[in-house]
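Below is data_30.csv, which holds CSV, C-alpha atoms.
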```csv
chain,number,residue,atom,x,y,z
A,1,VAL,CA,78.1,96.5,110.4
A,2,LEU,CA,76.4,95.7,107.1
A,3,THR,CA,77.5,99.2,105.7
A,4,PHE,CA,81.0,98.6,106.9
A,5,THR,CA,81.1,95.1,105.3
A,6,ALA,CA,79.7,96.4,102.0
A,7,GLY,CA,82.2,99.3,102.0
A,8,THR,CA,85.1,96.9,102.7
A,9,PHE,CA,83.9,94.5,99.9
A,10,PHE,CA,83.7,97.3,97.3
A,11,PHE,CA,87.0,98.7,98.4
A,12,LEU,CA,88.7,95.4,97.9
A,13,LEU,CA,86.8,94.9,94.7
A,14,ASN,CA,88.2,98.3,93.5
A,15,ILE,CA,91.7,97.1,94.3
A,16,ASP,CA,91.1,93.9,92.4
A,17,MET,CA,89.7,95.9,89.4
A,18,TRP,CA,92.7,98.2,89.5
A,19,VAL,CA,95.1,95.3,89.4
A,20,ARG,CA,93.3,93.9,86.4
A,21,TYR,CA,92.8,97.0,84.3
A,22,HIS,CA,95.2,99.8,85.3
A,23,ILE,CA,97.1,101.3,82.4
A,24,ASN,CA,100.9,101.1,82.8
A,25,ILE,CA,101.9,102.8,79.6
A,26,PRO,CA,101.4,106.5,78.7
A,27,SER,CA,97.9,107.2,77.5
A,28,ASN,CA,95.6,110.2,76.9
A,29,ASP,CA,96.9,113.2,78.9
A,30,ALA,CA,100.0,111.3,80.1
A,31,ILE,CA,101.3,111.2,76.5
A,32,LEU,CA,101.5,115.0,76.4
A,33,GLN,CA,104.0,114.9,79.3
A,34,ILE,CA,106.4,112.5,77.7
A,35,PRO,CA,108.6,115.1,75.8
A,36,LEU,CA,109.4,116.9,79.0
A,37,ILE,CA,110.1,113.7,80.9
A,38,ALA,CA,112.3,112.4,78.1
A,39,SER,CA,114.3,115.6,78.0
A,40,ALA,CA,114.8,115.5,81.7
A,41,LEU,CA,115.9,111.9,81.5
A,42,GLU,CA,118.2,112.4,78.6
A,43,HIS,CA,119.8,115.7,79.5
A,44,GLY,CA,119.2,116.0,83.2
A,45,VAL,CA,116.5,117.8,85.2
A,46,TRP,CA,118.5,121.0,85.4
A,47,SER,CA,118.6,121.2,81.6
A,48,THR,CA,114.9,121.6,81.4
A,49,ASN,CA,113.0,124.9,81.8
A,50,LEU,CA,111.4,125.1,85.3
A,51,GLN,CA,108.4,126.8,83.7
A,52,ASP,CA,107.7,123.7,81.7
A,53,TRP,CA,107.1,121.7,84.9
A,54,PHE,CA,104.6,124.3,86.0
A,55,SER,CA,103.1,125.0,82.6
A,56,ILE,CA,99.3,124.9,82.1
A,57,HIS,CA,97.6,121.7,81.1
A,58,ALA,CA,94.2,121.7,79.3
A,59,GLY,CA,93.9,125.4,79.9
A,60,ALA,CA,93.2,125.2,83.6
A,61,HIS,CA,95.6,122.9,85.5
A,62,ARG,CA,99.2,123.2,86.6
A,63,ILE,CA,100.1,119.5,87.1
A,64,ALA,CA,103.7,119.8,88.3
A,65,LEU,CA,103.0,117.1,90.9
A,66,ILE,CA,102.1,114.4,88.4
A,67,ARG,CA,105.0,115.4,86.1
A,68,THR,CA,107.4,115.0,88.9
A,69,LEU,CA,106.0,111.6,89.9
A,70,MET,CA,106.2,110.5,86.3
A,71,PHE,CA,109.8,111.5,86.1
A,72,VAL,CA,110.6,109.6,89.3
A,73,ASP,CA,108.8,106.6,88.0
A,74,TYR,CA,110.7,106.6,84.7
A,75,ARG,CA,114.0,107.4,86.4
A,76,PHE,CA,113.8,104.7,89.1
A,77,PHE,CA,110.9,102.3,88.3
A,78,ALA,CA,110.9,101.6,84.6
A,79,GLY,CA,108.0,104.0,83.9
A,80,TYR,CA,105.1,101.7,84.6
A,81,GLY,CA,103.2,104.5,86.5
A,82,TYR,CA,103.3,102.7,89.9
A,83,VAL,CA,104.7,105.8,91.7
A,84,SER,CA,101.7,107.8,90.6
A,85,TYR,CA,99.3,105.0,91.4
A,86,ALA,CA,100.8,104.5,94.8
A,87,VAL,CA,100.3,108.2,95.6
A,88,ALA,CA,96.7,108.0,94.4
A,89,TRP,CA,96.0,105.0,96.7
A,90,LEU,CA,97.8,106.8,99.5
A,91,SER,CA,95.5,109.8,98.9
A,92,ILE,CA,92.4,107.6,99.1
A,93,THR,CA,93.6,106.1,102.3
A,94,LEU,CA,94.4,109.7,103.6
A,95,LEU,CA,90.8,110.8,102.8
A,96,LEU,CA,89.5,107.8,104.8
A,97,VAL,CA,91.8,108.4,107.7
A,98,VAL,CA,91.0,112.1,107.9
A,99,TYR,CA,87.3,111.6,108.0
A,100,THR,CA,87.6,108.8,110.5
A,101,ARG,CA,90.0,110.8,112.8
A,102,ALA,CA,87.7,113.8,112.7
A,103,PHE,CA,84.8,111.6,113.8
A,104,ARG,CA,86.8,110.1,116.7
A,105,GLN,CA,87.7,113.6,117.9
A,106,THR,CA,84.0,114.5,117.9
A,107,TYR,CA,82.3,111.4,119.0
A,108,ARG,CA,84.8,109.3,121.0
A,109,SER,CA,82.3,106.9,122.5
A,110,GLU,CA,80.0,106.3,119.5
A,111,THR,CA,81.6,103.1,118.2
A,112,ALA,CA,78.5,102.0,116.2
A,113,LEU,CA,78.3,105.3,114.4
A,114,LEU,CA,82.0,105.2,113.7
A,115,ILE,CA,81.7,101.8,112.0
A,116,PHE,CA,78.7,103.1,110.0
A,117,SER,CA,80.5,106.3,108.9
A,118,THR,CA,83.6,104.4,108.0
A,119,GLY,CA,81.6,102.0,105.9
A,120,LEU,CA,79.9,105.0,104.2
A,121,ALA,CA,83.3,106.5,103.4
A,122,LEU,CA,84.5,103.2,101.9
A,123,LEU,CA,81.4,103.0,99.7
A,124,PHE,CA,81.7,106.5,98.3
A,125,LEU,CA,85.5,106.3,97.8
A,126,SER,CA,85.1,102.9,96.0
A,127,SER,CA,82.3,104.0,93.6
A,128,HIS,CA,82.7,102.3,90.2
A,129,THR,CA,81.7,105.5,88.5
A,130,GLN,CA,85.1,107.1,89.3
A,131,PHE,CA,87.1,104.1,88.4
A,132,VAL,CA,88.6,105.8,85.3
A,133,ASN,CA,90.5,108.1,87.7
A,134,LEU,CA,92.3,105.1,89.2
A,135,ILE,CA,93.5,103.5,86.0
A,136,GLN,CA,94.8,106.6,84.1
A,137,ILE,CA,97.9,108.3,85.4
A,138,VAL,CA,97.0,112.0,85.0
A,139,ASN,CA,93.4,111.4,86.2
A,140,THR,CA,94.8,110.2,89.6
A,141,THR,CA,95.5,113.9,90.4
A,142,TRP,CA,91.8,114.2,91.5
A,143,TYR,CA,92.6,111.9,94.4
A,144,MET,CA,95.8,113.7,95.2
A,145,ALA,CA,94.2,117.1,95.2
A,146,LEU,CA,91.3,116.1,97.4
A,147,GLY,CA,93.5,114.1,99.8
A,148,ALA,CA,96.0,116.9,100.3
A,149,SER,CA,93.1,119.4,100.6
A,150,ALA,CA,91.3,117.3,103.2
A,151,LEU,CA,94.4,117.0,105.4
A,152,ALA,CA,95.1,120.7,105.1
A,153,ILE,CA,91.5,121.5,106.2
A,154,HIS,CA,91.7,119.0,109.0
A,155,MET,CA,94.9,120.6,110.3
A,156,ILE,CA,92.8,123.7,111.0
A,157,THR,CA,89.4,122.3,111.8
A,158,LYS,CA,90.5,119.6,114.3
A,159,THR,CA,90.5,122.2,117.1
A,160,SER,CA,88.8,125.5,117.7
A,161,ALA,CA,92.1,127.2,118.8
A,162,PRO,CA,94.0,129.5,116.4
A,163,PRO,CA,96.6,127.5,114.4
A,164,SER,CA,100.2,127.6,115.5
A,165,VAL,CA,103.0,128.7,113.1
A,166,PHE,CA,103.7,125.0,112.4
A,167,VAL,CA,100.1,124.0,111.8
A,168,PHE,CA,99.6,127.1,109.6
A,169,SER,CA,102.7,126.3,107.6
A,170,VAL,CA,101.9,122.6,107.1
A,171,ALA,CA,98.3,123.4,106.1
A,172,TYR,CA,99.5,125.8,103.4
A,173,VAL,CA,102.2,123.4,102.2
A,174,LEU,CA,99.5,120.7,101.7
A,175,ALA,CA,97.3,123.3,100.0
A,176,ILE,CA,100.1,124.1,97.6
A,177,ILE,CA,100.6,120.4,96.9
A,178,ALA,CA,96.9,120.1,96.1
A,179,GLY,CA,97.0,123.1,93.8
A,180,LEU,CA,100.0,121.6,91.9
A,181,ALA,CA,98.0,118.4,91.5
A,182,ASN,CA,95.2,120.1,89.5
A,183,PHE,CA,93.0,123.1,89.6
A,184,GLY,CA,90.7,121.5,92.2
A,185,GLY,CA,93.4,122.2,94.9
A,186,VAL,CA,93.3,125.9,94.1
A,187,ILE,CA,89.8,126.2,95.6
A,188,VAL,CA,91.2,125.2,99.0
A,189,TRP,CA,93.3,128.4,98.9
A,190,LEU,CA,90.1,130.4,99.0
A,191,LEU,CA,88.6,128.4,101.9
A,192,LEU,CA,91.6,128.2,104.2
A,193,PRO,CA,91.6,131.9,105.1
A,194,LEU,CA,87.9,131.8,106.1
A,195,VAL,CA,88.4,128.7,108.2
A,196,ILE,CA,91.4,130.2,109.9
A,197,ALA,CA,89.6,133.5,110.4
A,198,MET,CA,86.9,131.7,112.4
A,199,ARG,CA,89.7,131.0,114.9
A,200,SER,CA,91.8,134.2,114.6
A,201,ILE,CA,91.0,137.2,112.5
A,202,SER,CA,94.6,138.3,112.3
A,203,ILE,CA,95.9,134.9,111.2
A,204,GLY,CA,93.0,134.6,108.8
A,205,LEU,CA,94.2,137.9,107.2
A,206,LEU,CA,97.7,136.4,106.9
A,207,GLY,CA,96.2,133.4,105.3
A,208,ALA,CA,94.3,135.6,102.8
A,209,LEU,CA,97.6,137.3,101.9
A,210,CYS,CA,99.3,134.0,101.3
A,211,SER,CA,96.3,132.7,99.2
A,212,SER,CA,96.3,135.9,97.2
A,213,ALA,CA,100.0,135.5,96.4
A,214,LEU,CA,99.5,131.9,95.4
A,215,LEU,CA,96.6,132.8,93.1
A,216,ALA,CA,98.6,135.6,91.6
A,217,LEU,CA,101.3,133.1,90.7
A,218,TYR,CA,98.8,130.4,89.5
A,219,LEU,CA,96.2,132.2,87.5
A,220,PRO,CA,98.2,134.0,84.7
A,221,GLY,CA,97.7,132.0,81.5
A,222,ILE,CA,94.7,130.1,82.8
A,223,ALA,CA,92.0,130.3,80.1
A,224,SER,CA,88.4,129.4,79.5
A,225,ASN,CA,87.4,127.6,76.4
A,226,ASP,CA,89.9,127.9,73.5
A,227,THR,CA,88.3,130.4,71.2
A,228,SER,CA,91.4,131.4,69.3
A,229,SER,CA,90.2,129.8,66.1
A,230,VAL,CA,86.9,131.6,66.2
A,231,ASN,CA,86.6,134.8,64.2
A,232,PRO,CA,84.2,137.1,66.0
A,233,LEU,CA,83.5,139.3,62.9
A,234,LEU,CA,82.6,136.1,60.9
A,235,LEU,CA,80.3,135.0,63.8
A,236,VAL,CA,78.5,138.4,63.7
A,237,GLU,CA,78.2,138.3,59.9
A,238,THR,CA,76.8,134.7,60.1
A,239,LEU,CA,74.2,135.7,62.7
A,240,THR,CA,73.2,138.7,60.7
A,241,ALA,CA,72.8,136.7,57.5
A,242,LEU,CA,70.6,134.3,59.4
A,243,GLU,CA,68.6,137.3,60.7
A,244,PHE,CA,69.6,136.6,64.2
A,245,GLN,CA,70.6,139.5,66.5
A,246,PRO,CA,74.0,139.0,68.2
A,247,PRO,CA,73.3,138.6,72.0
A,248,THR,CA,74.1,141.6,74.1
A,249,LEU,CA,76.7,141.4,76.9
A,250,LEU,CA,74.0,141.1,79.5
A,251,GLU,CA,72.3,138.2,77.6
A,252,GLN,CA,75.7,136.4,77.2
A,253,LEU,CA,76.3,136.8,81.0
A,254,LYS,CA,72.8,135.5,81.8
A,255,ASN,CA,73.2,132.5,79.5
A,256,GLN,CA,76.6,131.7,81.0
A,257,VAL,CA,75.3,131.8,84.6
A,258,VAL,CA,72.3,129.7,83.7
A,259,TYR,CA,74.5,127.2,81.9
A,260,MET,CA,77.0,127.1,84.8
A,261,PHE,CA,74.4,126.3,87.4
A,262,SER,CA,72.4,123.9,85.2
A,263,GLN,CA,75.6,121.9,84.5
A,264,THR,CA,76.5,122.0,88.2
A,265,TYR,CA,73.2,120.5,89.1
A,266,ILE,CA,73.7,117.8,86.5
A,267,GLY,CA,77.2,117.2,87.6
A,268,LEU,CA,76.5,117.0,91.3
A,269,GLY,CA,73.5,114.8,90.7
A,270,SER,CA,75.3,112.4,88.4
A,271,PRO,CA,75.0,109.6,87.6
A,272,ALA,CA,71.4,109.7,88.8
A,273,SER,CA,70.8,112.9,86.9
A,274,GLN,CA,71.1,111.0,83.6
A,275,HIS,CA,68.2,108.7,84.3
A,276,HIS,CA,66.3,110.4,87.2
A,277,PRO,CA,66.8,114.1,86.7
A,278,LEU,CA,64.0,115.2,89.0
A,279,VAL,CA,65.1,113.1,91.9
A,280,ALA,CA,68.7,114.3,91.3
A,281,ASN,CA,67.7,118.0,91.2
A,282,ILE,CA,65.8,117.7,94.5
A,283,ALA,CA,68.7,115.9,96.2
A,284,VAL,CA,71.2,118.6,94.9
A,285,SER,CA,68.9,121.4,96.0
A,286,ALA,CA,68.5,119.9,99.5
A,287,SER,CA,72.3,119.5,99.8
A,288,LEU,CA,72.9,123.1,98.8
A,289,LEU,CA,70.4,124.3,101.3
A,290,LEU,CA,72.1,122.1,104.0
A,291,ILE,CA,75.5,123.7,103.1
A,292,ILE,CA,74.1,127.2,103.3
A,293,CYS,CA,72.4,126.5,106.6
A,294,GLY,CA,75.5,124.9,107.9
A,295,TRP,CA,77.7,127.9,107.2
A,296,LEU,CA,75.1,130.3,108.6
A,297,LYS,CA,74.8,128.4,111.8
A,298,VAL,CA,78.6,127.9,112.2
A,299,LEU,CA,79.4,131.6,111.5
A,300,ILE,CA,76.6,132.9,113.7
A,301,SER,CA,77.5,130.6,116.5
A,302,LYS,CA,81.2,131.4,116.2
A,303,PHE,CA,80.9,135.2,116.1
A,304,PHE,CA,77.7,136.0,117.9
A,305,ASP,CA,76.9,133.0,120.2
A,306,ARG,CA,78.6,130.3,122.2
A,307,TYR,CA,80.3,127.9,119.8
A,308,ARG,CA,80.7,124.2,120.4
A,309,HIS,CA,83.4,122.9,118.2
A,310,LYS,CA,82.5,119.8,116.1
A,311,ALA,CA,85.6,118.8,114.1
A,312,TRP,CA,83.7,116.2,112.1
A,313,PHE,CA,80.9,118.4,111.0
A,314,GLU,CA,83.2,121.3,110.2
A,315,LEU,CA,85.4,119.1,108.1
A,316,ALA,CA,82.4,117.8,106.2
A,317,LEU,CA,81.0,121.3,105.7
A,318,VAL,CA,84.3,122.7,104.3
A,319,MET,CA,84.9,119.6,102.1
A,320,ALA,CA,81.4,119.8,100.7
A,321,THR,CA,82.0,123.5,99.9
A,322,LEU,CA,85.3,122.7,98.4
A,323,CYS,CA,83.8,120.1,96.0
A,324,LEU,CA,80.9,122.5,95.2
A,325,GLY,CA,83.5,125.2,94.4
A,326,ILE,CA,85.5,122.8,92.1
A,327,VAL,CA,82.3,121.9,90.1
A,328,LEU,CA,81.2,125.5,89.8
A,329,SER,CA,84.7,126.7,88.6
A,330,THR,CA,84.8,123.8,86.2
A,331,TYR,CA,81.7,124.9,84.3
A,332,MET,CA,82.7,128.6,84.7
A,333,GLY,CA,85.8,127.8,82.6
A,334,ARG,CA,84.3,125.2,80.3
A,335,ILE,CA,81.3,127.2,79.0
A,336,PHE,CA,79.3,125.2,76.5
A,337,LEU,CA,82.1,122.5,76.3
A,338,GLY,CA,82.2,120.6,79.6
A,339,ASN,CA,80.4,117.3,80.0
A,340,PRO,CA,79.0,117.1,83.6
A,341,LEU,CA,78.6,113.3,83.3
A,342,ALA,CA,82.2,112.7,82.5
A,343,PRO,CA,83.6,109.9,84.7
A,344,ARG,CA,86.7,112.0,85.7
A,345,TYR,CA,84.5,114.4,87.7
A,346,GLN,CA,83.0,111.5,89.7
A,347,THR,CA,85.7,111.6,92.4
A,348,ILE,CA,84.6,115.2,93.3
A,349,VAL,CA,80.9,114.2,93.3
A,350,MET,CA,81.5,111.2,95.5
A,351,VAL,CA,83.5,113.2,98.1
A,352,TYR,CA,80.8,115.9,97.9
A,353,TRP,CA,78.0,113.4,98.8
A,354,LEU,CA,80.2,111.7,101.5
A,355,SER,CA,80.6,115.1,103.1
A,356,VAL,CA,76.9,115.9,102.8
A,357,CYS,CA,76.0,112.5,104.3
A,358,ASN,CA,78.3,113.2,107.2
A,359,MET,CA,76.6,116.5,107.8
A,360,LEU,CA,73.2,114.8,107.9
A,361,LEU,CA,74.6,112.2,110.3
A,362,SER,CA,75.7,115.0,112.6
A,363,PHE,CA,72.2,116.5,112.6
A,364,ALA,CA,70.6,113.1,113.2
A,365,TRP,CA,72.9,112.3,116.1
A,366,ALA,CA,72.2,115.7,117.7
A,367,ALA,CA,68.5,115.3,117.3
A,368,ASN,CA,68.5,111.7,118.6
A,369,SER,CA,70.6,112.5,121.6
A,370,ASN,CA,68.9,115.8,122.4
A,371,LYS,CA,72.2,117.5,122.3
A,372,PRO,CA,73.1,120.7,120.4
A,373,LEU,CA,75.0,120.3,117.2
A,374,TRP,CA,77.0,123.4,117.9
```
Encoded form (structure tokens):
Amino acid sequence: VLTFTAGTFFFLLNIDMWVRYHINIPSNDAILQIPLIASALEHGVWSTNLQDWFSIHAGAHRIALIRTLMFVDYRFFAGYGYVSYAVAWLSITLLLVVYTRAFRQTYRSETALLIFSTGLALLFLSSHTQFVNLIQIVNTTWYMALGASALAIHMITKTSAPPSVFVFSVAYVLAIIAGLANFGGVIVWLLLPLVIAMRSISIGLLGALCSSALLALYLPGIASNDTSSVNPLLLVETLTALEFQPPTLLEQLKNQVVYMFSQTYIGLGSPASQHHPLVANIAVSASLLLIICGWLKVLISKFFDRYRHKAWFELALVMATLCLGIVLSTYMGRIFLGNPLAPRYQTIVMVYWLSVCNMLLSFAWAANSNKPLW
């Protein structure tokens, strides 16, 4: 009850903070979308180039969803950003409902644990560290991507039966919406075929085909760091003049892999990694081990043993993997430029730890009740 009370308090505090501090004029990345929105408003949507709506933002994201919401907001609601903010709050509510519903499907009679897990979800989703994503219009896409992804995953994981045509279609429509919110949603395209294949190999192969087609449409033009202004010959000459040997291809690859994983550790452990790096690294290592063990046990139980479906655990496992994939891909594309402590990444981190905590609760419940987790 204390956890639920604390979670409710911070959730309401978040609402109060949003009312006080949200930005209702274009700022930061939202300013870059204004020329397209203005053209659509002045000359009509059909006068604009469709490719502009799906064009790449910041080298990695196709943010067609937020551009559409901004257009609707300017067209019908004076352009104060309330349409985008409303969808962001709806996405937060959706995350809460999906986790709670999955729990009720798994543990129908565990009322006390339901209250505790709901309070935990409220606490993580109301963390002040991610507040910047609630008050800047384009940053709200993190909530939209994760909300749509969670519902898409839940459509599949809520039962152990193969998905029907309707469920399959809705799951992929939600995944497309997530992908058009920002790059984070694209990772769910990689996970859906695996989750579906655990229920039906043939439908999983169909999912892989759909995901491949979506990736083929999405990825062209996606770039890593902008190095267009760097002259490689000048770089080599500078290194030679300083008596440094240019790194070999293998050394570059090793440095990039080390950088990517070190930044991932810092990112997943933030904000604790800023002040208590050792504790954060231990926690992240333990969570990664938990995810690996979770996948091994689920897959072994599914394909080689008797599988006991647990919707809550499976949702948490896939969502934790999704968040891990987003963080890894972020630093794969932002080599030597990304800031793992940036507040905009905190929504991913909070959903990651919410999912990890749910997995731990599943283990604790199984151990306490002497019942198998799978």
Which value, in Å to one decimal, gives the distance between CA of Ile177 (chain A) and CA of Lys302 (chain A)? 29.5 Å
Please report the interatomic distance between CA of Leu120 (chain A) and CA of Ala145 (chain A) in Å with one decimal.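 Distance between the two atoms: 20.8 Å.
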Counting only C-alpha atoms, which residues of region 96-186 of chain A fall within 12 Å of region 270-277 of chain A, and what is the closest atom pair for each with its distance in Å at one decimal, ordered by chain and rising number, as JSON lines?
```
{"residue": "A:Ser127", "atom": "CA", "partner": "A:Pro271", "partner_atom": "CA", "distance": 11.0}
{"residue": "A:His128", "atom": "CA", "partner": "A:Pro271", "partner_atom": "CA", "distance": 10.9}
{"residue": "A:Thr129", "atom": "CA", "partner": "A:Pro271", "partner_atom": "CA", "distance": 7.9}
{"residue": "A:Gln130", "atom": "CA", "partner": "A:Pro271", "partner_atom": "CA", "distance": 10.5}
```
Point out the residue among A:Ala216, A:Ile34, A:Leu96, A:Ile115 with the least atom-to-atom distance to Val1 (chain A), counting all atoms listed in the file.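 Of the candidates, the smallest distance to Val1 (chain A) is held by A:Ile115.
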Distance table requested - region 73-113 of chain A against region 10-27 of chain A, cut-off 8 Å, only C-alpha atoms: one row per qualifying residue with the closest atom pair and its distance in Å to one decimal, ordered by chain and rising residue number, as JSON lines.
```
{"residue": "A:Gly79", "atom": "CA", "partner": "A:Ile25", "partner_atom": "CA", "distance": 7.6}
{"residue": "A:Tyr80", "atom": "CA", "partner": "A:Asn24", "partner_atom": "CA", "distance": 4.6}
{"residue": "A:Gly81", "atom": "CA", "partner": "A:Asn24", "partner_atom": "CA", "distance": 5.5}
{"residue": "A:Tyr82", "atom": "CA", "partner": "A:Asn24", "partner_atom": "CA", "distance": 7.7}
```
For Thr141 (chain A), which of A:Asn182, A:Ser126, A:Thr118, A:Ser169 is the closest residue, counting all atoms listed in the file? A:Asn182
Would you list the contacts of region 40-50 of chain A as a ChimeraX atom specification, taking every protein, DNA or RNA residue within 10 Å and counting only C-alpha atoms, but skipping same-chain residues closer than 4 positions in sequence? /A:34-36,54-55,64,71-72,74-75
Emit the selected residues as a PDB file, keeping the file's coordinate frame, including C-alpha atoms.
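Contents of the output file out-v3.pdb:
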```pdb
ATOM      1  CA  ILE A  34     106.400 112.500  77.700  1.00  0.00           C
ATOM      2  CA  PRO A  35     108.600 115.100  75.800  1.00  0.00           C
ATOM      3  CA  LEU A  36     109.400 116.900  79.000  1.00  0.00           C
ATOM      4  CA  PHE A  54     104.600 124.300  86.000  1.00  0.00           C
ATOM      5  CA  SER A  55     103.100 125.000  82.600  1.00  0.00           C
ATOM      6  CA  ALA A  64     103.700 119.800  88.300  1.00  0.00           C
ATOM      7  CA  PHE A  71     109.800 111.500  86.100  1.00  0.00           C
ATOM      8  CA  VAL A  72     110.600 109.600  89.300  1.00  0.00           C
ATOM      9  CA  TYR A  74     110.700 106.600  84.700  1.00  0.00           C
ATOM     10  CA  ARG A  75     114.000 107.400  86.400  1.00  0.00           C
TER      11      ARG A  75
END
```
Leu190 (chain A) environment, 9 Å, only C-alpha atoms, sequence neighbours closer than 3 positions dropped, as a PyMOL selection string: chain A and resi 186-187+193-194+208+211-212
Can you tell me which residues surround region 252-261 of chain A at a distance of at most 6 Å, considering all atoms listed in the file, apart from same-chain residues fewer than 2 positions away, and format the answer as a ChimeraX atom specification? /A:249-250,263-264,331-332
Closest of A:Ile63, A:Met198, A:Leu215, A:Leu2 to Thr140 (chain A) - atom-to-atom distances counting all atoms listed in the file: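 Of A:Ile63, A:Met198, A:Leu215, A:Leu2, the one nearest Thr140 (chain A), counting all atoms listed in the file, is A:Ile63.
Closest approach to Gly179 (chain A) from the set A:Asn368, A:Ser160, A:Met155, A:Gly147 is made by A:Gly147, with distances taken over only C-alpha atoms.
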Starting from the incomplete input, reconstruct N, CA and C atoms of region 258-271 of chain A and report them as a short mmCIF file (atom, residue, chain, number, x, y, z; two decimals), in the coordinates of the input.
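Done, and the output landed in rebuild-v2.cif:
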```cif
data_model
loop_
_atom_site.label_atom_id
_atom_site.label_comp_id
_atom_site.auth_asym_id
_atom_site.auth_seq_id
_atom_site.Cartn_x
_atom_site.Cartn_y
_atom_site.Cartn_z
N VAL A 258 73.25 130.75 83.73
CA VAL A 258 72.30 129.70 83.70
C VAL A 258 72.91 128.36 83.31
N TYR A 259 73.79 128.41 82.32
CA TYR A 259 74.50 127.20 81.90
C TYR A 259 75.34 126.63 83.03
N MET A 260 76.08 127.50 83.71
CA MET A 260 77.00 127.10 84.80
C MET A 260 76.23 126.36 85.88
N PHE A 261 75.10 126.93 86.31
CA PHE A 261 74.40 126.30 87.40
C PHE A 261 73.60 125.06 86.95
N SER A 262 73.12 125.06 85.70
CA SER A 262 72.40 123.90 85.20
C SER A 262 73.42 122.69 85.11
N GLN A 263 74.62 122.97 84.61
CA GLN A 263 75.60 121.90 84.50
C GLN A 263 76.11 121.46 85.90
N THR A 264 76.16 122.40 86.85
CA THR A 264 76.50 122.00 88.20
C THR A 264 75.51 121.10 88.82
N TYR A 265 74.23 121.39 88.59
CA TYR A 265 73.20 120.50 89.10
C TYR A 265 73.29 119.10 88.46
N ILE A 266 73.54 119.06 87.14
CA ILE A 266 73.70 117.80 86.50
C ILE A 266 74.90 117.04 87.00
N GLY A 267 76.01 117.77 87.16
CA GLY A 267 77.20 117.20 87.60
C GLY A 267 77.15 116.61 89.03
N LEU A 268 76.63 117.41 89.94
CA LEU A 268 76.50 117.00 91.30
C LEU A 268 75.50 115.84 91.49
N GLY A 269 74.52 115.82 90.61
CA GLY A 269 73.50 114.80 90.70
C GLY A 269 73.83 113.53 89.91
N SER A 270 74.95 113.55 89.18
CA SER A 270 75.30 112.40 88.40
C SER A 270 75.81 111.24 89.26
N PRO A 271 75.64 110.00 88.84
CA PRO A 271 75.00 109.60 87.60
C PRO A 271 73.51 109.52 87.59
#
```
